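> Please read through the structure below; I'll follow up with questions.
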Amino acid sequence: MRFRDKRVLNGLDIVIEDNKATVIMGRSGIGKSVLLKCICGLLVPHKGVIDIDGHNIVTASPRKAKVIRSAIGMLLQEGALFDGMTVYENIAFPLAYHRKHSPAEIDREVRRYADIVEMTPFLDVVPRELSGGMKRKAAIARCMITQPRYLFYDEPTTGLDPISAGTVDTMIKKLSDTVNITSLIVTHDVDLALFAGDTVALIEDGRISVIEARAEFKRPESELRTRFIEQREILHEEYHANRK
Ligand SMILES: Nc1ncnc2c1ncn2[C@@H]1O[C@H](COP(=O)(O)OP(=O)(O)O)[C@@H](O)[C@H]1O
Ligand SMILES: [Mg+2]
C-alpha cells in the first residue's frame, strides 16, 4: 500500500485461520488500520492479492466487493456509538437500517446479542452514561447483530483504563471461544494479545516480521514480545543519545 510516495505496507504476507483469533501488533503509524481497510476493500492496495474465501477483493467489482464485505464486521478505533441513540437503538441499527426484519425479529436479535456482551441491564441507557468498556461492548454487539463470519477489531482497548480494557479483552476471548467467528485484532496492547490471541503477528517495516502461536508468544522469551518491547527501549536509548 502506498500513499503518494509514502510506502506503508510492502510485501506483507499472512494467512488468517478460520475460527481463530489472530492478533496483529505493531507500533502506531505502521499501517495496522490501513491493513484492515485493505482487507475489507475500503482501501485498494497498488499491488498484491487479498483472498477472502477464494475471492480477491483487490480486483473484485464494486458489487462483488460489497458482497465480500458483508461477511465482515468491523469495530472501528474508538468503537463509536451513535450519541443520540440508546444502547438498544445502537445495537438494532444495522438490522433496522436494512428494513428486512420485523420489529419482533429485531427485538429478539438485539436481546440475544446484548445478553452475549452482558449489556442487557443497559439497553435503555445513552452512550454518554456508559463507561468506556461498556461502550465498546455495545459496539461489539452492534457489529455482531448482522452475524458476520469475520470480526475485525481496530485497537479495541486503546484509551481504556486497565479494568475496562480487561472487560473488553474478556469479551473478545469469550466471543472467539463461543461463537463461530474469525477474529482479527489489531493492537499494541500486549495483555490483550496474551489473553485473546491464538496467533500473534508483528508488523515491522511494512511486513510481518515475526509470527507466533499462542504457546510461543506466552513464553517469557517470546521473540515477538522481545522485539516489540525493544522498539520502545530503542526510542528511549535514542532520547538519551540525542541529549548527550
Ligand atoms: N488515507 C490516507 N492517506 C494518506 N496517508 C495515510 C492514509 N491512511 C493512513 N495513512 C498513513 O499510513 C500510515 C499508517 O497508518 P495507520 O494504518 O493508520 O497506522 P496504525 O498502525 O497506527 O493504525 C501512517 O503514516 C498514516 O499517516
Ligand atoms: Mg490505527
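We label chains A, B, ... in the order they appear in the C-alpha cells, count residues from 1 in each chain, and number ligands from 1 in the order shown.
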Sorted by chain and rising residue number, list the residues of region 90-204 of chain A at most 12 Å from region 47-60 of chain A (counting only C-alpha atoms), each with its closest atom pair and distance in Å to one decimal, as JSON lines.


```
{"residue": "A:Arg149", "atom": "CA", "partner": "A:Asp53", "partner_atom": "CA", "distance": 10.8}
{"residue": "A:Tyr150", "atom": "CA", "partner": "A:Ile52", "partner_atom": "CA", "distance": 10.1}
{"residue": "A:Thr182", "atom": "CA", "partner": "A:Ile52", "partner_atom": "CA", "distance": 11.9}
```

> Step by step, measure atom-to-atom distances between ligand 2 and each residue using only C-alpha atoms and all ligand atoms, keep those at most 8 Å, then write them as a PDB file with N, CA and C atoms, in the first residue's frame.


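Just written: part_4.pdb:
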```pdb
ATOM      1  N   SER A  28       2.395   2.475  16.509  1.00  0.00           N
ATOM      2  CA  SER A  28       1.472   3.404  15.861  1.00  0.00           C
ATOM      3  C   SER A  28       2.045   3.884  14.538  1.00  0.00           C
ATOM      4  N   GLY A  29       1.192   4.020  13.550  1.00  0.00           N
ATOM      5  CA  GLY A  29       1.615   4.561  12.257  1.00  0.00           C
ATOM      6  C   GLY A  29       2.249   3.530  11.337  1.00  0.00           C
ATOM      7  N   GLY A  31       0.772   0.927   9.972  1.00  0.00           N
ATOM      8  CA  GLY A  31      -0.140   0.516   8.899  1.00  0.00           C
ATOM      9  C   GLY A  31      -1.171  -0.525   9.308  1.00  0.00           C
ATOM     10  N   LYS A  32      -1.459  -0.632  10.595  1.00  0.00           N
ATOM     11  CA  LYS A  32      -2.422  -1.636  11.065  1.00  0.00           C
ATOM     12  C   LYS A  32      -3.843  -1.318  10.591  1.00  0.00           C
ATOM     13  N   SER A  33      -4.248  -0.063  10.755  1.00  0.00           N
ATOM     14  CA  SER A  33      -5.598   0.310  10.307  1.00  0.00           C
ATOM     15  C   SER A  33      -5.690   0.218   8.791  1.00  0.00           C
ATOM     16  N   VAL A  34      -4.609   0.602   8.116  1.00  0.00           N
ATOM     17  CA  VAL A  34      -4.578   0.516   6.645  1.00  0.00           C
ATOM     18  C   VAL A  34      -4.776  -0.946   6.222  1.00  0.00           C
ATOM     19  N   GLN A  77     -11.713   1.976  15.431  1.00  0.00           N
ATOM     20  CA  GLN A  77     -10.961   2.576  16.514  1.00  0.00           C
ATOM     21  C   GLN A  77     -11.938   3.497  17.266  1.00  0.00           C
ATOM     22  N   ASP A 154     -10.230  -2.832  15.598  1.00  0.00           N
ATOM     23  CA  ASP A 154      -9.122  -1.884  15.460  1.00  0.00           C
ATOM     24  C   ASP A 154      -8.840  -1.251  16.827  1.00  0.00           C
ATOM     25  N   GLU A 155      -7.769  -1.697  17.462  1.00  0.00           N
ATOM     26  CA  GLU A 155      -7.360  -1.197  18.778  1.00  0.00           C
ATOM     27  C   GLU A 155      -8.525  -1.137  19.760  1.00  0.00           C
ATOM     28  N   VAL A 186      -6.265  -5.887  15.816  1.00  0.00           N
ATOM     29  CA  VAL A 186      -5.100  -5.045  15.620  1.00  0.00           C
ATOM     30  C   VAL A 186      -4.892  -4.248  16.906  1.00  0.00           C
TER      31      VAL A 186
END
```

> At a cut-off of 12 Å around ligand 1, and using only C-alpha atoms and all ligand atoms, what residues come up? Please write them as a PyMOL selection string.

chain A and resi 1-10+24-38+42-45+76-77+153-156+158+185-188+202-207

> Print the selection's residues with N, CA and C atoms to a file, as a tab-separated table (two decimals), in the first residue's frame.


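Once everything was written out, this is out23.tsv:
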```tsv
chain	number	residue	atom	x	y	z
A	1	MET	N	0.85	-1.20	0.00
A	1	MET	CA	0.00	0.00	0.00
A	1	MET	C	0.88	1.25	0.00
A	2	ARG	N	0.52	2.23	-0.82
A	2	ARG	CA	1.33	3.43	-0.95
A	2	ARG	C	0.40	4.65	-0.93
A	3	PHE	N	0.80	5.70	-0.23
A	3	PHE	CA	0.08	6.97	-0.32
A	3	PHE	C	1.05	7.97	-0.93
A	4	ARG	N	0.76	8.48	-2.09
A	4	ARG	CA	1.70	9.28	-2.87
A	4	ARG	C	3.04	8.55	-2.91
A	5	ASP	N	4.14	9.13	-2.36
A	5	ASP	CA	5.41	8.38	-2.44
A	5	ASP	C	5.70	7.65	-1.14
A	6	LYS	N	4.73	7.66	-0.22
A	6	LYS	CA	4.99	7.00	1.05
A	6	LYS	C	4.49	5.56	1.03
A	7	ARG	N	5.42	4.62	1.18
A	7	ARG	CA	5.04	3.22	1.24
A	7	ARG	C	4.61	2.89	2.65
A	8	VAL	N	3.47	2.24	2.81
A	8	VAL	CA	3.05	1.83	4.15
A	8	VAL	C	3.24	0.33	4.29
A	9	LEU	N	2.42	-0.47	3.63
A	9	LEU	CA	2.61	-1.92	3.69
A	9	LEU	C	3.36	-2.34	2.44
A	10	ASN	N	4.28	-3.29	2.60
A	10	ASN	CA	5.14	-3.64	1.47
A	10	ASN	C	5.53	-5.11	1.57
A	24	ILE	N	-2.68	-8.80	15.40
A	24	ILE	CA	-1.60	-8.14	14.66
A	24	ILE	C	-1.13	-6.95	15.47
A	25	MET	N	0.15	-7.00	15.83
A	25	MET	CA	0.72	-5.94	16.65
A	25	MET	C	1.65	-5.08	15.81
A	26	GLY	N	1.95	-3.92	16.33
A	26	GLY	CA	2.89	-3.05	15.63
A	26	GLY	C	2.73	-1.65	16.20
A	27	ARG	N	3.81	-0.88	16.11
A	27	ARG	CA	3.75	0.46	16.69
A	27	ARG	C	2.78	1.36	15.91
A	28	SER	N	2.39	2.47	16.51
A	28	SER	CA	1.47	3.40	15.86
A	28	SER	C	2.04	3.88	14.54
A	29	GLY	N	1.19	4.02	13.55
A	29	GLY	CA	1.62	4.56	12.26
A	29	GLY	C	2.25	3.53	11.34
A	30	ILE	N	2.30	2.26	11.76
A	30	ILE	CA	2.98	1.24	10.97
A	30	ILE	C	2.08	0.73	9.82
A	31	GLY	N	0.77	0.93	9.97
A	31	GLY	CA	-0.14	0.52	8.90
A	31	GLY	C	-1.17	-0.52	9.31
A	32	LYS	N	-1.46	-0.63	10.59
A	32	LYS	CA	-2.42	-1.64	11.07
A	32	LYS	C	-3.84	-1.32	10.59
A	33	SER	N	-4.25	-0.06	10.75
A	33	SER	CA	-5.60	0.31	10.31
A	33	SER	C	-5.69	0.22	8.79
A	34	VAL	N	-4.61	0.60	8.12
A	34	VAL	CA	-4.58	0.52	6.65
A	34	VAL	C	-4.78	-0.95	6.22
A	35	LEU	N	-4.14	-1.88	6.93
A	35	LEU	CA	-4.28	-3.29	6.59
A	35	LEU	C	-5.75	-3.74	6.70
A	36	LEU	N	-6.40	-3.38	7.81
A	36	LEU	CA	-7.81	-3.78	7.99
A	36	LEU	C	-8.67	-3.17	6.87
A	37	LYS	N	-8.40	-1.91	6.54
A	37	LYS	CA	-9.18	-1.25	5.49
A	37	LYS	C	-8.95	-1.90	4.13
A	38	CYS	N	-7.73	-2.34	3.88
A	38	CYS	CA	-7.46	-3.05	2.61
A	38	CYS	C	-8.24	-4.36	2.57
A	42	LEU	N	-11.96	-1.12	1.70
A	42	LEU	CA	-12.17	0.32	1.83
A	42	LEU	C	-10.99	1.09	1.27
A	43	LEU	N	-9.83	0.44	1.22
A	43	LEU	CA	-8.66	0.99	0.54
A	43	LEU	C	-8.18	-0.06	-0.45
A	44	VAL	N	-7.66	0.38	-1.59
A	44	VAL	CA	-7.21	-0.56	-2.60
A	44	VAL	C	-5.68	-0.49	-2.70
A	45	PRO	N	-4.98	-1.58	-2.37
A	45	PRO	CA	-3.52	-1.56	-2.48
A	45	PRO	C	-3.08	-1.50	-3.93
A	76	LEU	N	-14.54	-0.20	14.74
A	76	LEU	CA	-13.59	0.87	14.41
A	76	LEU	C	-12.87	1.35	15.65
A	77	GLN	N	-11.71	1.98	15.43
A	77	GLN	CA	-10.96	2.58	16.51
A	77	GLN	C	-11.94	3.50	17.27
A	153	TYR	N	-11.21	-6.02	14.81
A	153	TYR	CA	-11.17	-5.05	15.91
A	153	TYR	C	-9.98	-4.13	15.69
A	154	ASP	N	-10.23	-2.83	15.60
A	154	ASP	CA	-9.12	-1.88	15.46
A	154	ASP	C	-8.84	-1.25	16.83
A	155	GLU	N	-7.77	-1.70	17.46
A	155	GLU	CA	-7.36	-1.20	18.78
A	155	GLU	C	-8.53	-1.14	19.76
A	156	PRO	N	-9.11	-2.30	20.06
A	156	PRO	CA	-10.32	-2.30	20.89
A	156	PRO	C	-10.11	-1.84	22.32
A	158	THR	N	-7.56	0.45	23.24
A	158	THR	CA	-6.80	1.71	23.31
A	158	THR	C	-7.65	2.80	23.95
A	185	ILE	N	-7.53	-8.99	15.26
A	185	ILE	CA	-7.44	-7.94	16.26
A	185	ILE	C	-6.14	-7.17	16.07
A	186	VAL	N	-6.27	-5.89	15.82
A	186	VAL	CA	-5.10	-5.04	15.62
A	186	VAL	C	-4.89	-4.25	16.91
A	187	THR	N	-3.68	-4.29	17.45
A	187	THR	CA	-3.49	-3.65	18.76
A	187	THR	C	-2.02	-3.44	19.07
A	188	HIS	N	-1.72	-2.56	20.04
A	188	HIS	CA	-0.37	-2.60	20.62
A	188	HIS	C	-0.46	-2.97	22.09
A	202	LEU	N	3.65	-9.71	14.20
A	202	LEU	CA	4.18	-8.36	14.38
A	202	LEU	C	4.47	-7.74	13.02
A	203	ILE	N	4.01	-6.52	12.81
A	203	ILE	CA	4.36	-5.79	11.58
A	203	ILE	C	5.55	-4.89	11.88
A	204	GLU	N	6.59	-5.02	11.06
A	204	GLU	CA	7.72	-4.10	11.10
A	204	GLU	C	8.08	-3.79	9.66
A	205	ASP	N	8.41	-2.56	9.36
A	205	ASP	CA	8.80	-2.16	8.01
A	205	ASP	C	7.83	-2.65	6.94
A	206	GLY	N	6.56	-2.56	7.23
A	206	GLY	CA	5.56	-2.87	6.20
A	206	GLY	C	5.22	-4.32	6.00
A	207	ARG	N	5.94	-5.21	6.69
A	207	ARG	CA	5.62	-6.64	6.51
A	207	ARG	C	5.57	-7.36	7.85
```

> Need the shell around Lys66 (chain A): protein/DNA/RNA residues with any atom at most 9 Å away, counting only C-alpha atoms. Skip same-chain ones fewer than 4 positions apart. Format as a ChimeraX atom specification?

/A:40-41,61-62,70

> Can you list, as a list in words, every protein, DNA or RNA residue that comes within 8 Å of region 13-20 of chain A when you count only C-alpha atoms, leaving out same-chain residues fewer than 3 positions away?

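With the cut-off at 8 Å, the set is Ser176, Asn180, Ile181, Thr182, Ser183, Leu184, Asp198, Thr199, Arg207 and Ile208 of chain A.
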
> Restricting the calculation to only C-alpha atoms, which member of A:Ala196, A:Leu130, A:Met144, A:Ala241 is positioned closest to Val179 (chain A)?

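Distance minimum relative to Val179 (chain A) lands on A:Met144.
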
> Quick one: distance from CA of Glu129 (chain A) to CA of Ser102 (chain A) in Å, one decimal?

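CA of Ser102 (chain A) lies at a distance of 29.1 Å from CA of Glu129 (chain A).
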
> Kindly indicate which residue among A:Lys218, A:Arg142, A:Arg227, A:Arg112 lies nearest to Val87 (chain A), using only C-alpha atoms for the distances.

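Counting only C-alpha atoms, the residue closest to Val87 (chain A) is A:Arg142.
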
> Thr157 (chain A): which residues within 8 Å, counting only C-alpha atoms, same-chain residues fewer than 5 positions away excluded, as a list in words?

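Once the adjacent positions are removed, what remains is Ser164, Ala165, Val168, Asp169, Thr187, Asp189 and Leu192 of chain A.
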
> For each of A:Leu12, A:Val23, A:Ile91, A:Cys143, take the minimum atom-to-atom distance to Gly73 (chain A), counting only C-alpha atoms, then give the residue where this is smallest.

A:Cys143

> Have a look at A:Glu212, A:Glu89, A:Asp83, A:Glu233 and name the one nearest to Asp107 (chain A); count only C-alpha atoms.

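When distances to Asp107 (chain A) are compared using only C-alpha atoms, the smallest one comes from A:Glu89.
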
> Identify, on the basis of only C-alpha atoms, every residue whose closest approach to Glu78 (chain A) does not exceed 12 Å; exclude the query and any residue fewer than 3 positions from it along the same chain; express the result as a PyMOL selection string.

chain A and resi 74-75+81-82+132-140+153-160

> Just to be explicit: take each residue in the selection above, keep N, CA and C atoms, and write the result as a PDB file, in the first residue's frame.


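Contents of selection-v1.pdb, freshly written:
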```
ATOM      1  N   MET A  74     -16.727  -4.770  11.502  1.00  0.00           N
ATOM      2  CA  MET A  74     -15.516  -4.034  11.879  1.00  0.00           C
ATOM      3  C   MET A  74     -15.807  -3.129  13.062  1.00  0.00           C
ATOM      4  N   LEU A  75     -15.063  -3.355  14.138  1.00  0.00           N
ATOM      5  CA  LEU A  75     -15.147  -2.462  15.288  1.00  0.00           C
ATOM      6  C   LEU A  75     -14.083  -1.389  15.088  1.00  0.00           C
ATOM      7  N   LEU A  81     -20.246   4.821  19.033  1.00  0.00           N
ATOM      8  CA  LEU A  81     -21.700   4.604  19.054  1.00  0.00           C
ATOM      9  C   LEU A  81     -22.373   5.892  18.598  1.00  0.00           C
ATOM     10  N   PHE A  82     -23.639   5.776  18.200  1.00  0.00           N
ATOM     11  CA  PHE A  82     -24.402   6.984  17.874  1.00  0.00           C
ATOM     12  C   PHE A  82     -24.866   7.613  19.183  1.00  0.00           C
ATOM     13  N   GLY A 132     -16.224   3.509  29.349  1.00  0.00           N
ATOM     14  CA  GLY A 132     -15.552   3.222  28.079  1.00  0.00           C
ATOM     15  C   GLY A 132     -15.695   1.759  27.674  1.00  0.00           C
ATOM     16  N   GLY A 133     -15.534   0.856  28.657  1.00  0.00           N
ATOM     17  CA  GLY A 133     -15.612  -0.581  28.363  1.00  0.00           C
ATOM     18  C   GLY A 133     -17.005  -0.986  27.900  1.00  0.00           C
ATOM     19  N   MET A 134     -18.029  -0.402  28.549  1.00  0.00           N
ATOM     20  CA  MET A 134     -19.413  -0.726  28.160  1.00  0.00           C
ATOM     21  C   MET A 134     -19.713  -0.235  26.752  1.00  0.00           C
ATOM     22  N   LYS A 135     -19.196   0.944  26.417  1.00  0.00           N
ATOM     23  CA  LYS A 135     -19.413   1.468  25.055  1.00  0.00           C
ATOM     24  C   LYS A 135     -18.850   0.505  24.025  1.00  0.00           C
ATOM     25  N   ARG A 136     -17.651  -0.001  24.302  1.00  0.00           N
ATOM     26  CA  ARG A 136     -17.029  -0.922  23.333  1.00  0.00           C
ATOM     27  C   ARG A 136     -17.845  -2.207  23.240  1.00  0.00           C
ATOM     28  N   LYS A 137     -18.352  -2.687  24.395  1.00  0.00           N
ATOM     29  CA  LYS A 137     -19.132  -3.929  24.350  1.00  0.00           C
ATOM     30  C   LYS A 137     -20.416  -3.733  23.538  1.00  0.00           C
ATOM     31  N   ALA A 138     -21.061  -2.574  23.716  1.00  0.00           N
ATOM     32  CA  ALA A 138     -22.271  -2.291  22.930  1.00  0.00           C
ATOM     33  C   ALA A 138     -21.919  -2.222  21.442  1.00  0.00           C
ATOM     34  N   ALA A 139     -20.759  -1.617  21.138  1.00  0.00           N
ATOM     35  CA  ALA A 139     -20.340  -1.517  19.730  1.00  0.00           C
ATOM     36  C   ALA A 139     -20.056  -2.909  19.158  1.00  0.00           C
ATOM     37  N   ILE A 140     -19.515  -3.807  19.986  1.00  0.00           N
ATOM     38  CA  ILE A 140     -19.264  -5.181  19.529  1.00  0.00           C
ATOM     39  C   ILE A 140     -20.605  -5.867  19.203  1.00  0.00           C
ATOM     40  N   TYR A 153     -11.214  -6.017  14.811  1.00  0.00           N
ATOM     41  CA  TYR A 153     -11.175  -5.050  15.908  1.00  0.00           C
ATOM     42  C   TYR A 153      -9.980  -4.126  15.686  1.00  0.00           C
ATOM     43  N   ASP A 154     -10.230  -2.832  15.598  1.00  0.00           N
ATOM     44  CA  ASP A 154      -9.122  -1.884  15.460  1.00  0.00           C
ATOM     45  C   ASP A 154      -8.840  -1.251  16.827  1.00  0.00           C
ATOM     46  N   GLU A 155      -7.769  -1.697  17.462  1.00  0.00           N
ATOM     47  CA  GLU A 155      -7.360  -1.197  18.778  1.00  0.00           C
ATOM     48  C   GLU A 155      -8.525  -1.137  19.760  1.00  0.00           C
ATOM     49  N   PRO A 156      -9.114  -2.303  20.061  1.00  0.00           N
ATOM     50  CA  PRO A 156     -10.318  -2.303  20.887  1.00  0.00           C
ATOM     51  C   PRO A 156     -10.106  -1.842  22.319  1.00  0.00           C
ATOM     52  N   THR A 157      -8.874  -1.882  22.826  1.00  0.00           N
ATOM     53  CA  THR A 157      -8.661  -1.484  24.226  1.00  0.00           C
ATOM     54  C   THR A 157      -7.927  -0.149  24.362  1.00  0.00           C
ATOM     55  N   THR A 158      -7.558   0.450  23.245  1.00  0.00           N
ATOM     56  CA  THR A 158      -6.795   1.706  23.314  1.00  0.00           C
ATOM     57  C   THR A 158      -7.646   2.804  23.947  1.00  0.00           C
ATOM     58  N   GLY A 159      -7.037   3.530  24.872  1.00  0.00           N
ATOM     59  CA  GLY A 159      -7.736   4.645  25.516  1.00  0.00           C
ATOM     60  C   GLY A 159      -8.604   4.235  26.695  1.00  0.00           C
ATOM     61  N   LEU A 160      -8.598   2.934  27.043  1.00  0.00           N
ATOM     62  CA  LEU A 160      -9.394   2.495  28.196  1.00  0.00           C
ATOM     63  C   LEU A 160      -8.488   2.329  29.416  1.00  0.00           C
TER      64      LEU A 160
END
```

> Could you work out how far CA of Glu109 (chain A) lies from CA of Leu123 (chain A), giving the answer in Å with one decimal?

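That distance, rounded to one decimal, is 12.8 Å.
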
> If you run DSSP on this backbone, which residues of region 39-209 of chain A come out as helix (DSSP H, G or I), and could you give them as a VMD selection string?

chain A and resid 39 62 to 69 77 to 79 87 to 98 103 to 116 120 to 122 127 to 129 132 to 144 162 to 178 190 to 196

> Quick one: distance from CA of Thr146 (chain A) to CA of Leu95 (chain A) in Å, one decimal?

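The value is 6.9 Å.
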
> Skip Thr170 (chain A) itself and residues of its chain fewer than 3 positions away, then list as JSON, numbers by chain all residues within 8 Å of it, counting only C-alpha atoms.

{"A": [166, 167, 173, 174, 195, 196]}
